[in-house]
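What's in start-v7.txt: compact mmCIF, C-alpha atoms and all ligand atoms
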# COMPACT_ATOMS: atom_id res chain seq x y z
CA MET A 1 12.77 1.06 -26.78
CA SER A 2 9.68 -0.32 -25.08
CA LEU A 3 9.22 0.13 -21.34
CA LYS A 4 9.84 -3.57 -20.81
CA GLN A 5 13.08 -3.48 -22.77
CA GLN A 6 14.36 -0.69 -20.53
CA LEU A 7 14.03 -2.82 -17.41
CA ILE A 8 17.28 -4.19 -15.97
CA LYS A 9 16.88 -7.60 -14.34
CA ASP A 10 19.34 -6.90 -11.47
CA LYS A 11 17.56 -3.70 -10.56
CA LEU A 12 14.08 -5.14 -10.21
CA PRO A 13 12.34 -5.57 -6.86
CA LYS A 14 11.91 -9.13 -5.56
CA HIS A 15 8.59 -8.23 -4.00
CA VAL A 16 5.98 -5.78 -5.29
CA ALA A 17 2.87 -4.94 -3.25
CA VAL A 18 -0.19 -3.30 -4.78
CA ILE A 19 -3.10 -1.35 -3.31
CA MET A 20 -5.70 -1.86 -6.03
CA ASP A 21 -7.89 1.23 -5.71
CA GLY A 22 -10.47 3.04 -7.79
CA ASN A 23 -12.88 0.31 -8.87
CA GLY A 24 -15.90 2.19 -7.53
CA ARG A 25 -14.95 5.49 -9.15
CA TRP A 26 -14.20 3.75 -12.45
CA ALA A 27 -17.71 2.26 -12.46
CA LYS A 28 -19.32 5.54 -11.42
CA LYS A 29 -17.60 7.37 -14.29
CA LYS A 30 -19.21 4.86 -16.63
CA GLY A 31 -22.60 5.36 -14.96
CA ASN A 32 -22.54 1.87 -13.52
CA ILE A 33 -22.68 0.29 -10.06
CA ARG A 34 -19.54 -0.30 -7.97
CA ILE A 35 -19.61 -4.05 -8.52
CA PHE A 36 -19.11 -3.44 -12.25
CA GLY A 37 -15.81 -1.81 -11.30
CA HIS A 38 -14.73 -4.79 -9.20
CA LYS A 39 -15.58 -7.18 -12.04
CA ASN A 40 -13.43 -5.16 -14.40
CA GLY A 41 -10.69 -5.08 -11.77
CA VAL A 42 -10.15 -8.79 -12.30
CA LYS A 43 -8.71 -8.10 -15.78
CA ALA A 44 -6.18 -5.73 -14.17
CA VAL A 45 -5.29 -8.42 -11.64
CA ARG A 46 -4.63 -10.88 -14.47
CA GLU A 47 -2.47 -8.38 -16.38
CA THR A 48 -0.45 -7.49 -13.28
CA VAL A 49 0.15 -11.11 -12.36
CA GLU A 50 1.24 -11.86 -15.94
CA ALA A 51 3.55 -8.83 -16.04
CA ALA A 52 5.14 -9.77 -12.70
CA ALA A 53 5.66 -13.37 -13.86
CA GLU A 54 7.17 -12.17 -17.17
CA MET A 55 9.70 -10.08 -15.25
CA GLN A 56 10.45 -12.97 -12.87
CA ILE A 57 9.38 -10.98 -9.83
CA GLU A 58 9.39 -13.40 -6.88
CA TYR A 59 6.46 -12.07 -4.84
CA LEU A 60 3.41 -10.03 -5.76
CA THR A 61 1.06 -9.07 -2.92
CA LEU A 62 -2.37 -7.72 -3.80
CA TYR A 63 -4.60 -5.94 -1.27
CA ALA A 64 -7.85 -7.59 -2.31
CA PHE A 65 -9.98 -7.08 0.80
CA SER A 66 -9.17 -5.14 3.94
CA THR A 67 -10.39 -5.60 7.50
CA GLU A 68 -12.24 -2.31 7.02
CA ASN A 69 -13.91 -3.48 3.78
CA TRP A 70 -16.33 -5.59 5.88
CA LYS A 71 -18.08 -2.29 6.67
CA ARG A 72 -19.17 -1.87 3.04
CA PRO A 73 -22.81 -2.53 2.03
CA LYS A 74 -23.62 -6.24 2.35
CA MET A 75 -24.41 -6.50 -1.35
CA GLU A 76 -20.95 -5.22 -2.31
CA VAL A 77 -19.20 -7.51 0.20
CA ASN A 78 -21.14 -10.51 -1.12
CA ALA A 79 -20.32 -9.59 -4.71
CA LEU A 80 -16.63 -9.30 -3.85
CA MET A 81 -16.69 -12.70 -2.15
CA SER A 82 -18.36 -14.30 -5.19
CA LEU A 83 -15.83 -12.63 -7.45
CA LEU A 84 -13.02 -14.08 -5.35
CA ILE A 85 -14.50 -17.60 -5.45
CA ASN A 86 -14.96 -17.46 -9.23
CA SER A 87 -11.60 -15.84 -9.97
CA ILE A 88 -9.63 -18.30 -7.85
CA HIS A 89 -11.56 -21.20 -9.39
CA ASN A 90 -11.22 -19.99 -12.99
CA GLU A 91 -7.57 -18.97 -12.77
CA LEU A 92 -6.26 -22.12 -11.06
CA GLU A 93 -5.25 -23.77 -14.33
CA THR A 94 -3.48 -20.62 -15.53
CA LEU A 95 -1.65 -20.33 -12.21
CA ASN A 96 -0.35 -23.87 -12.55
CA LYS A 97 0.53 -23.44 -16.24
CA ASN A 98 2.62 -20.44 -15.31
CA ASN A 99 4.27 -22.06 -12.28
CA ILE A 100 2.62 -19.52 -9.94
CA ARG A 101 2.13 -20.36 -6.27
CA LEU A 102 -0.84 -18.89 -4.45
CA PHE A 103 -0.63 -17.72 -0.85
CA ALA A 104 -2.90 -15.67 1.40
CA ILE A 105 -2.40 -13.37 4.37
CA GLY A 106 -5.10 -11.98 6.65
CA ASN A 107 -7.80 -13.13 9.00
CA ILE A 108 -8.82 -15.94 6.64
CA ASN A 109 -11.15 -17.52 9.24
CA GLN A 110 -13.42 -14.52 8.87
CA LEU A 111 -14.07 -15.22 5.18
CA PRO A 112 -17.17 -17.19 4.13
CA ALA A 113 -16.61 -20.96 4.18
CA LYS A 114 -16.86 -21.17 0.39
CA VAL A 115 -14.08 -18.63 -0.12
CA GLN A 116 -11.89 -20.40 2.43
CA LYS A 117 -12.45 -23.73 0.70
CA GLU A 118 -11.61 -22.40 -2.77
CA LEU A 119 -8.62 -20.52 -1.42
CA TYR A 120 -7.11 -23.42 0.56
CA GLN A 121 -7.64 -25.80 -2.36
CA ALA A 122 -5.83 -23.43 -4.73
CA ILE A 123 -3.02 -22.83 -2.20
CA GLU A 124 -2.57 -26.59 -1.79
CA ASN A 125 -2.85 -27.24 -5.52
CA THR A 126 -0.18 -24.66 -6.41
CA SER A 127 2.13 -25.29 -3.44
CA GLY A 128 4.72 -27.09 -5.57
CA ASN A 129 5.10 -24.23 -8.05
CA THR A 130 8.42 -22.44 -7.97
CA GLY A 131 7.85 -19.25 -9.99
CA LEU A 132 6.03 -16.14 -8.81
CA THR A 133 4.31 -16.30 -5.42
CA LEU A 134 1.01 -14.46 -5.63
CA VAL A 135 -0.03 -13.31 -2.17
CA LEU A 136 -3.65 -12.28 -1.70
CA ALA A 137 -4.27 -10.03 1.30
CA LEU A 138 -7.79 -10.94 2.40
CA SER A 139 -9.58 -9.61 5.45
CA TYR A 140 -6.16 -8.12 6.09
CA SER A 141 -4.89 -5.03 7.81
CA GLY A 142 -1.44 -4.13 9.04
CA ARG A 143 -2.66 -3.36 12.56
CA TRP A 144 -4.54 -6.68 12.74
CA GLU A 145 -1.37 -8.48 11.71
CA ILE A 146 0.85 -6.65 14.22
CA LEU A 147 -1.61 -7.23 17.09
CA ASN A 148 -1.92 -10.86 16.09
CA ALA A 149 1.88 -11.20 16.17
CA VAL A 150 2.07 -9.51 19.60
CA ASN A 151 -0.57 -11.87 21.03
CA GLN A 152 1.18 -14.95 19.66
CA LEU A 153 4.50 -13.69 20.99
CA LEU A 154 2.98 -13.15 24.43
CA ASN A 155 1.64 -16.67 24.39
CA ASP A 156 5.03 -18.10 23.48
CA VAL A 157 6.68 -16.08 26.25
CA LYS A 158 4.06 -17.37 28.73
CA ASN A 159 4.60 -20.96 27.55
CA GLY A 160 8.33 -20.55 27.94
CA LYS A 161 8.94 -21.12 24.21
CA ILE A 162 10.87 -17.87 24.01
CA GLU A 163 12.38 -15.44 26.50
CA GLY A 164 11.06 -11.87 26.60
CA ASP A 165 14.55 -10.47 26.00
CA GLU A 166 14.94 -12.52 22.81
CA ILE A 167 12.47 -10.34 20.95
CA ASP A 168 14.12 -8.37 18.18
CA SER A 169 13.08 -7.23 14.73
CA SER A 170 13.94 -10.56 13.11
CA LEU A 171 12.02 -12.65 15.67
CA PHE A 172 9.03 -10.31 15.49
CA ASN A 173 9.06 -10.70 11.73
CA ASP A 174 8.66 -14.47 12.17
CA TYR A 175 5.30 -13.90 13.88
CA LEU A 176 3.84 -11.87 11.02
CA ALA A 177 1.62 -13.37 8.31
CA THR A 178 4.44 -12.58 5.87
CA ALA A 179 7.03 -14.45 7.96
CA LYS A 180 8.80 -16.22 5.09
CA ILE A 181 8.36 -13.39 2.59
CA PRO A 182 10.92 -10.60 2.06
CA ASP A 183 9.68 -7.04 2.59
CA PRO A 184 8.32 -5.38 -0.56
CA GLU A 185 10.85 -3.04 -2.13
CA LEU A 186 8.07 -1.38 -4.11
CA LEU A 187 4.51 -0.47 -3.15
CA ILE A 188 2.13 0.70 -5.88
CA ARG A 189 -1.18 2.43 -5.24
CA THR A 190 -3.59 3.27 -8.03
CA SER A 191 -6.35 5.90 -8.32
CA GLY A 192 -4.44 9.00 -7.22
CA GLU A 193 -4.90 8.54 -3.46
CA PHE A 194 -1.78 9.06 -1.34
CA ARG A 195 -2.50 6.71 1.53
CA ILE A 196 -1.25 3.39 2.93
CA SER A 197 -4.69 2.34 4.24
CA ASN A 198 -3.44 -0.08 6.88
CA PHE A 199 -1.48 -2.22 4.38
CA LEU A 200 1.76 -4.04 5.36
CA LEU A 201 2.59 -1.39 7.98
CA TRP A 202 5.63 -3.22 9.38
CA GLN A 203 6.94 -4.47 6.04
CA ILE A 204 6.99 -1.17 4.12
CA ALA A 205 9.48 0.55 6.44
CA TYR A 206 11.92 1.03 3.54
CA SER A 207 9.66 0.40 0.54
CA GLU A 208 9.66 2.81 -2.38
CA LEU A 209 6.16 4.22 -2.83
CA TYR A 210 4.69 4.68 -6.30
CA PHE A 211 1.38 6.40 -6.90
CA THR A 212 -0.49 6.57 -10.17
CA GLU A 213 -3.70 8.35 -11.18
CA THR A 214 -4.80 5.28 -13.17
CA LEU A 215 -7.92 3.67 -11.72
CA TRP A 216 -7.43 -0.03 -10.97
CA PRO A 217 -9.67 -1.47 -13.76
CA ASP A 218 -7.57 0.48 -16.31
CA PHE A 219 -4.23 -0.77 -14.93
CA ARG A 220 -2.33 -2.79 -17.55
CA LYS A 221 1.07 -4.42 -18.02
CA GLU A 222 2.54 -1.17 -19.33
CA ASP A 223 1.49 0.60 -16.11
CA PHE A 224 3.25 -2.09 -14.07
CA PHE A 225 6.40 -1.81 -16.18
CA LYS A 226 6.28 1.99 -15.78
CA ALA A 227 6.28 1.57 -11.99
CA LEU A 228 9.22 -0.87 -12.21
CA LEU A 229 11.14 1.58 -14.38
CA ASP A 230 10.51 4.37 -11.90
CA PHE A 231 11.74 2.10 -9.09
CA GLN A 232 14.84 1.17 -11.07
CA ASN A 233 15.85 4.80 -11.31
CA ARG A 234 15.58 5.54 -7.60
CA GLU A 235 18.46 5.53 -5.14
CA ARG A 236 17.67 3.49 -2.04
CA ARG A 237 19.77 4.66 0.88
CA PHE A 238 18.23 2.90 3.93
CA GLY A 239 19.18 5.84 6.15
CA MET A 240 22.75 6.09 4.81
CA THR A 241 24.32 8.74 2.57
CA SER A 242 24.79 8.36 -1.21
CA GLU A 243 28.56 8.08 -0.67
CA GLN A 244 28.20 5.14 1.69
CA LEU A 245 26.29 3.02 -0.78
C1 LIG A 301 -10.72 -0.93 -4.27
O1 LIG A 301 -11.54 -0.12 -5.08
C2 LIG A 301 -10.84 -2.35 -4.61
C3 LIG A 301 -11.25 -3.35 -3.76
C4 LIG A 301 -11.64 -3.08 -2.38
C5 LIG A 301 -11.37 -4.74 -4.19
C6 LIG A 301 -10.35 -5.27 -5.13
C7 LIG A 301 -10.87 -6.51 -5.76
C8 LIG A 301 -10.73 -6.88 -7.03
C9 LIG A 301 -9.93 -6.16 -8.01
C10 LIG A 301 -11.45 -8.09 -7.53
C11 LIG A 301 -10.98 -9.44 -7.26
C12 LIG A 301 -9.61 -9.67 -6.79
C13 LIG A 301 -8.88 -10.77 -7.06
C14 LIG A 301 -7.58 -10.95 -6.37
C15 LIG A 301 -9.31 -11.82 -8.01
P1 LIG A 301 -12.65 0.76 -4.37
O2 LIG A 301 -13.91 -0.02 -4.35
O3 LIG A 301 -12.17 1.21 -3.02
O4 LIG A 301 -12.77 1.97 -5.35
P2 LIG A 301 -13.14 3.49 -4.98
O5 LIG A 301 -12.05 4.00 -4.08
O6 LIG A 301 -13.16 4.17 -6.30
O7 LIG A 301 -14.48 3.45 -4.31

Here is the file; what I need is its structure written in the form of structure tokens.
Ligand code: FPP
Amino acid sequence: MSLKQQLIKDKLPKHVAVIMDGNGRWAKKKGNIRIFGHKNGVKAVRETVEAAAEMQIEYLTLYAFSTENWKRPKMEVNALMSLLINSIHNELETLNKNNIRLFAIGNINQLPAKVQKELYQAIENTSGNTGLTLVLALSYSGRWEILNAVNQLLNDVKNGKIEGDEIDSSLFNDYLATAKIPDPELLIRTSGEFRISNFLLWQIAYSELYFTETLWPDFRKEDFFKALLDFQNRERRFGMTSEQL
């Protein structure tokens, strides 16, 4: 039986988040520059989006550019921005054909105007789609998002919109960039690093973590299905005992 055939619809996560890592090392292994790795990473993005749509996953969040990534050499940052503009532009038709809705989280204002324009156009253009929601985390970090939420909350308390004692986990959640999105049940990181790297810090409280040695540009549908299968076979207890479940 193929990996895909072994997947049980009821046991699949609704939301999968991915830390796409290893583009630079992949390129270096091939004696090429880091940007070559990013370019080849786009193919892995396409495969992952397709695989998620095929399995009727509701949300797929990809960590495409972190707050910390701004510190990379200017040439690499510029290349990544161009890659984003081109990929969003070129994939728009495919997104619509496949009923995929695009969404973005992060400090979007910090992105170059051209990226913002392409991104907002694609978000608007796909807003009526009802299949997979593809969430791009751009200029994103978990700490940025939490601080942003705290500042907005403070403002709303000051303005009398909410009372300080109303704040609970559910209300706080509404102030996050992922407000309307369920927490990811599964977080995948490629390239053999065992880190969270400031990704979805609040949302992954109970996520299952899956690490693979595969470098991002080599990641294919089968790798995604393998992660889903691994998830399917885990017991999620949320702090309870096996007997209570
Ligand atoms: C991490 O590899 C990868 C990134 C920081 C960028 C990911 C971007 C893409 C795959 C391209 C475009 C994305 C979309 C959504 C169209 P790394 O550079 O940290 O690799 P290393 O750890 O080996 O140096």

Find, counting only C-alpha atoms, the residue in A:Pro73, A:Pro13, A:Gly192, A:Pro112 that gets nearest to Arg34 in chain A.
A:Pro73

Box along x, y and z, 8 Å on every side, all listed atoms of range 39-47 of chain A inside: centre and edge lengths in Å to one decimal, as lines of an AutoDock Vina configuration file.
center_x = -9.0
center_y = -8.0
center_z = -14.0
size_x = 29.1
size_y = 21.8
size_z = 20.7

I need the residue nearest ligand LIG 301 (chain A) from this list: A:Tyr175, A:Trp144, A:Phe103, A:Phe231. Use only C-alpha atoms and all ligand atoms for the distance.
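The answer is A:Phe103, which sits nearest to ligand LIG 301 (chain A).
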
Using only C-alpha atoms, which of the listed residues (A:Asn90, A:Asn96, A:Gln56, A:Asn233) sits closest to Thr126 in chain A?
A:Asn96

For CA of Asn99 in chain A and CA of Asn86 in chain A, the interatomic separation in Å (one decimal):
20.0 Å

Find the residue from A:Arg220, A:Lys4, A:His38, A:Arg237 that sits nearest to Asn23 in chain A; use only C-alpha atoms when measuring.
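Smallest separation from Asn23 in chain A among the options: A:His38.
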
Could you list, as a short mmCIF file (atom, residue, chain, number, x, y, z; two decimals) with C-alpha atoms, in the frame of the given file, all residues that come within 7 Å of ligand LIG 301 (chain A)? Count only C-alpha atoms and all ligand atoms.
data_model
loop_
_atom_site.label_atom_id
_atom_site.label_comp_id
_atom_site.auth_asym_id
_atom_site.auth_seq_id
_atom_site.Cartn_x
_atom_site.Cartn_y
_atom_site.Cartn_z
CA MET A 20 -5.70 -1.86 -6.03
CA ASP A 21 -7.89 1.23 -5.71
CA GLY A 22 -10.47 3.04 -7.79
CA ASN A 23 -12.88 0.31 -8.87
CA GLY A 24 -15.90 2.19 -7.53
CA ARG A 25 -14.95 5.49 -9.15
CA TRP A 26 -14.20 3.75 -12.45
CA ARG A 34 -19.54 -0.30 -7.97
CA HIS A 38 -14.73 -4.79 -9.20
CA LYS A 39 -15.58 -7.18 -12.04
CA GLY A 41 -10.69 -5.08 -11.77
CA VAL A 42 -10.15 -8.79 -12.30
CA VAL A 45 -5.29 -8.42 -11.64
CA LEU A 62 -2.37 -7.72 -3.80
CA TYR A 63 -4.60 -5.94 -1.27
CA ALA A 64 -7.85 -7.59 -2.31
CA PHE A 65 -9.98 -7.08 0.80
CA ASN A 69 -13.91 -3.48 3.78
CA LEU A 80 -16.63 -9.30 -3.85
CA LEU A 83 -15.83 -12.63 -7.45
CA LEU A 84 -13.02 -14.08 -5.35
CA SER A 87 -11.60 -15.84 -9.97
CA ILE A 88 -9.63 -18.30 -7.85
CA LEU A 136 -3.65 -12.28 -1.70
#

Expressed in Å, the length from CA of Ala104 in chain A to CA of Glu124 in chain A is 11.4 Å

Arg46 in chain A surroundings by only C-alpha atoms, 12 Å radius, close-in-sequence under 6 positions cut, as a PyMOL selection string
chain A and resi 39-40+52-53+60+62+87-88+90-92+94-95+134+216-221+224

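Residue nearest Glu93 in chain A within the list A:Ala122, A:Leu154, A:Leu111, A:Ile105: A:Ala122 [criterion: smallest interatomic distance, all atoms listed in the file].
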
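The environment of Leu153 in chain A within 8 Å, counting only C-alpha atoms and disregarding residues fewer than 3 places along the same chain, consists of Ala149, Val150, Asp156, Val157, Phe172 and Tyr175 of chain A.
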
My list of candidates is A:Leu187, A:Leu245, A:Met240, A:Ala179. Which is closest to Ile19 in chain A when distances are computed with all atoms listed in the file?
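The closest residue to Ile19 in chain A is A:Leu187.
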
Using all atoms listed in the file - which residues lie no farther than 8 Å from the point (-2.2, 5.2, -4.3) in the file's frame? Write them as a VMD selection string.
chain A and resid 19 21 188 to 196 210 to 213

Could you work out how far CA of Glu54 in chain A lies from CA of Ala27 in chain A, giving the answer in Å with one decimal?
29.1 Å

Is there a way to get, as a list in words, all residues within 8 Å of the point (14.8, -11.1, -9.6) in file coordinates, counting all atoms listed in the file?
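Checked against the point, the hits come out as Lys9, Asp10, Lys11, Leu12, Pro13, Lys14, Met55, Gln56, Ile57 and Glu58 of chain A.
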
Contacts of Arg234 in chain A within 10 Å, all atoms listed in the file, excl. fewer than 4 positions in-chain, as number ranges by chain:
A: 11, 208, 229-230

Counting only C-alpha atoms, what is within 6 Å of Thr133 in chain A, bar same-chain residues fewer than 5 positions away, as a PDB file with C-alpha atoms, in the frame of the given file?
ATOM      1  CA  TYR A  59       6.460 -12.070  -4.840  1.00  0.00           C
ATOM      2  CA  ILE A 100       2.620 -19.520  -9.940  1.00  0.00           C
ATOM      3  CA  ARG A 101       2.130 -20.360  -6.270  1.00  0.00           C
ATOM      4  CA  LEU A 102      -0.840 -18.890  -4.450  1.00  0.00           C
TER       5      LEU A 102
END

Could I get range 189-213 of chain A from the block written as a PDB file, in the first residue's frame, with N, CA, C and O atoms?
ATOM      1  N   ARG A 189       9.581  20.193  10.541  1.00  0.00           N
ATOM      2  CA  ARG A 189      10.789  20.972  10.228  1.00  0.00           C
ATOM      3  C   ARG A 189      11.741  20.079   9.430  1.00  0.00           C
ATOM      4  O   ARG A 189      12.036  18.954   9.818  1.00  0.00           O
ATOM      5  N   THR A 190      12.237  20.608   8.344  1.00  0.00           N
ATOM      6  CA  THR A 190      13.176  19.850   7.516  1.00  0.00           C
ATOM      7  C   THR A 190      14.622  20.173   7.904  1.00  0.00           C
ATOM      8  O   THR A 190      14.869  21.074   8.701  1.00  0.00           O
ATOM      9  N   SER A 191      15.533  19.440   7.340  1.00  0.00           N
ATOM     10  CA  SER A 191      16.991  19.657   7.395  1.00  0.00           C
ATOM     11  C   SER A 191      17.701  19.189   8.656  1.00  0.00           C
ATOM     12  O   SER A 191      18.859  19.525   8.869  1.00  0.00           O
ATOM     13  N   GLY A 192      17.005  18.411   9.487  1.00  0.00           N
ATOM     14  CA  GLY A 192      17.669  17.789  10.633  1.00  0.00           C
ATOM     15  C   GLY A 192      17.985  18.721  11.792  1.00  0.00           C
ATOM     16  O   GLY A 192      18.740  18.345  12.688  1.00  0.00           O
ATOM     17  N   GLU A 193      17.436  19.926  11.803  1.00  0.00           N
ATOM     18  CA  GLU A 193      17.625  20.821  12.954  1.00  0.00           C
ATOM     19  C   GLU A 193      16.435  20.636  13.889  1.00  0.00           C
ATOM     20  O   GLU A 193      15.293  20.571  13.442  1.00  0.00           O
ATOM     21  N   PHE A 194      16.731  20.606  15.207  1.00  0.00           N
ATOM     22  CA  PHE A 194      15.660  20.402  16.184  1.00  0.00           C
ATOM     23  C   PHE A 194      15.358  21.714  16.913  1.00  0.00           C
ATOM     24  O   PHE A 194      15.679  21.862  18.084  1.00  0.00           O
ATOM     25  N   ARG A 195      14.836  22.654  16.183  1.00  0.00           N
ATOM     26  CA  ARG A 195      14.536  23.965  16.773  1.00  0.00           C
ATOM     27  C   ARG A 195      13.180  24.464  16.297  1.00  0.00           C
ATOM     28  O   ARG A 195      12.694  24.061  15.245  1.00  0.00           O
ATOM     29  N   ILE A 196      12.629  25.421  17.040  1.00  0.00           N
ATOM     30  CA  ILE A 196      11.344  26.041  16.677  1.00  0.00           C
ATOM     31  C   ILE A 196      11.588  27.376  15.968  1.00  0.00           C
ATOM     32  O   ILE A 196      10.744  27.849  15.202  1.00  0.00           O
ATOM     33  N   SER A 197      12.731  27.986  16.232  1.00  0.00           N
ATOM     34  CA  SER A 197      13.134  29.232  15.562  1.00  0.00           C
ATOM     35  C   SER A 197      12.057  30.319  15.538  1.00  0.00           C
ATOM     36  O   SER A 197      11.805  30.930  14.506  1.00  0.00           O
ATOM     37  N   ASN A 198      11.441  30.529  16.706  1.00  0.00           N
ATOM     38  CA  ASN A 198      10.517  31.672  16.827  1.00  0.00           C
ATOM     39  C   ASN A 198       9.278  31.556  15.923  1.00  0.00           C
ATOM     40  O   ASN A 198       8.752  32.564  15.456  1.00  0.00           O
ATOM     41  N   PHE A 199       8.841  30.337  15.671  1.00  0.00           N
ATOM     42  CA  PHE A 199       7.679  30.116  14.795  1.00  0.00           C
ATOM     43  C   PHE A 199       6.456  29.767  15.640  1.00  0.00           C
ATOM     44  O   PHE A 199       6.533  28.886  16.492  1.00  0.00           O
ATOM     45  N   LEU A 200       5.345  30.431  15.437  1.00  0.00           N
ATOM     46  CA  LEU A 200       4.048  30.108  16.048  1.00  0.00           C
ATOM     47  C   LEU A 200       4.149  29.691  17.521  1.00  0.00           C
ATOM     48  O   LEU A 200       3.572  28.673  17.922  1.00  0.00           O
ATOM     49  N   LEU A 201       4.878  30.464  18.314  1.00  0.00           N
ATOM     50  CA  LEU A 201       5.186  30.055  19.691  1.00  0.00           C
ATOM     51  C   LEU A 201       3.931  29.788  20.532  1.00  0.00           C
ATOM     52  O   LEU A 201       3.885  28.813  21.288  1.00  0.00           O
ATOM     53  N   TRP A 202       2.932  30.616  20.390  1.00  0.00           N
ATOM     54  CA  TRP A 202       1.687  30.439  21.166  1.00  0.00           C
ATOM     55  C   TRP A 202       0.892  29.235  20.637  1.00  0.00           C
ATOM     56  O   TRP A 202       0.371  28.423  21.397  1.00  0.00           O
ATOM     57  N   GLN A 203       0.838  29.133  19.317  1.00  0.00           N
ATOM     58  CA  GLN A 203      -0.061  28.169  18.667  1.00  0.00           C
ATOM     59  C   GLN A 203       0.408  26.714  18.756  1.00  0.00           C
ATOM     60  O   GLN A 203      -0.386  25.805  18.597  1.00  0.00           O
ATOM     61  N   ILE A 204       1.694  26.488  18.991  1.00  0.00           N
ATOM     62  CA  ILE A 204       2.180  25.087  18.953  1.00  0.00           C
ATOM     63  C   ILE A 204       2.196  24.418  20.325  1.00  0.00           C
ATOM     64  O   ILE A 204       2.814  23.369  20.514  1.00  0.00           O
ATOM     65  N   ALA A 205       1.477  25.031  21.287  1.00  0.00           N
ATOM     66  CA  ALA A 205       1.471  24.491  22.654  1.00  0.00           C
ATOM     67  C   ALA A 205       1.262  22.975  22.686  1.00  0.00           C
ATOM     68  O   ALA A 205       1.926  22.260  23.444  1.00  0.00           O
ATOM     69  N   TYR A 206       0.339  22.474  21.866  1.00  0.00           N
ATOM     70  CA  TYR A 206       0.059  21.030  21.868  1.00  0.00           C
ATOM     71  C   TYR A 206       0.324  20.360  20.515  1.00  0.00           C
ATOM     72  O   TYR A 206      -0.146  19.253  20.267  1.00  0.00           O
ATOM     73  N   SER A 207       1.085  21.038  19.661  1.00  0.00           N
ATOM     74  CA  SER A 207       1.345  20.462  18.329  1.00  0.00           C
ATOM     75  C   SER A 207       2.282  19.263  18.436  1.00  0.00           C
ATOM     76  O   SER A 207       3.165  19.233  19.289  1.00  0.00           O
ATOM     77  N   GLU A 208       2.080  18.322  17.539  1.00  0.00           N
ATOM     78  CA  GLU A 208       3.031  17.213  17.405  1.00  0.00           C
ATOM     79  C   GLU A 208       4.171  17.736  16.541  1.00  0.00           C
ATOM     80  O   GLU A 208       3.947  18.386  15.518  1.00  0.00           O
ATOM     81  N   LEU A 209       5.408  17.444  16.956  1.00  0.00           N
ATOM     82  CA  LEU A 209       6.563  17.931  16.211  1.00  0.00           C
ATOM     83  C   LEU A 209       7.145  16.796  15.371  1.00  0.00           C
ATOM     84  O   LEU A 209       7.277  15.670  15.852  1.00  0.00           O
ATOM     85  N   TYR A 210       7.455  17.096  14.130  1.00  0.00           N
ATOM     86  CA  TYR A 210       8.020  16.077  13.233  1.00  0.00           C
ATOM     87  C   TYR A 210       9.263  16.660  12.573  1.00  0.00           C
ATOM     88  O   TYR A 210       9.203  17.705  11.928  1.00  0.00           O
ATOM     89  N   PHE A 211      10.388  15.962  12.761  1.00  0.00           N
ATOM     90  CA  PHE A 211      11.635  16.437  12.177  1.00  0.00           C
ATOM     91  C   PHE A 211      12.132  15.437  11.142  1.00  0.00           C
ATOM     92  O   PHE A 211      12.066  14.227  11.366  1.00  0.00           O
ATOM     93  N   THR A 212      12.601  15.958  10.023  1.00  0.00           N
ATOM     94  CA  THR A 212      13.175  15.076   9.011  1.00  0.00           C
ATOM     95  C   THR A 212      14.519  15.626   8.551  1.00  0.00           C
ATOM     96  O   THR A 212      14.736  16.834   8.546  1.00  0.00           O
ATOM     97  N   GLU A 213      15.408  14.698   8.199  1.00  0.00           N
ATOM     98  CA  GLU A 213      16.754  15.076   7.733  1.00  0.00           C
ATOM     99  C   GLU A 213      16.706  15.699   6.344  1.00  0.00           C
ATOM    100  O   GLU A 213      17.634  16.391   5.926  1.00  0.00           O
TER     101      GLU A 213
END
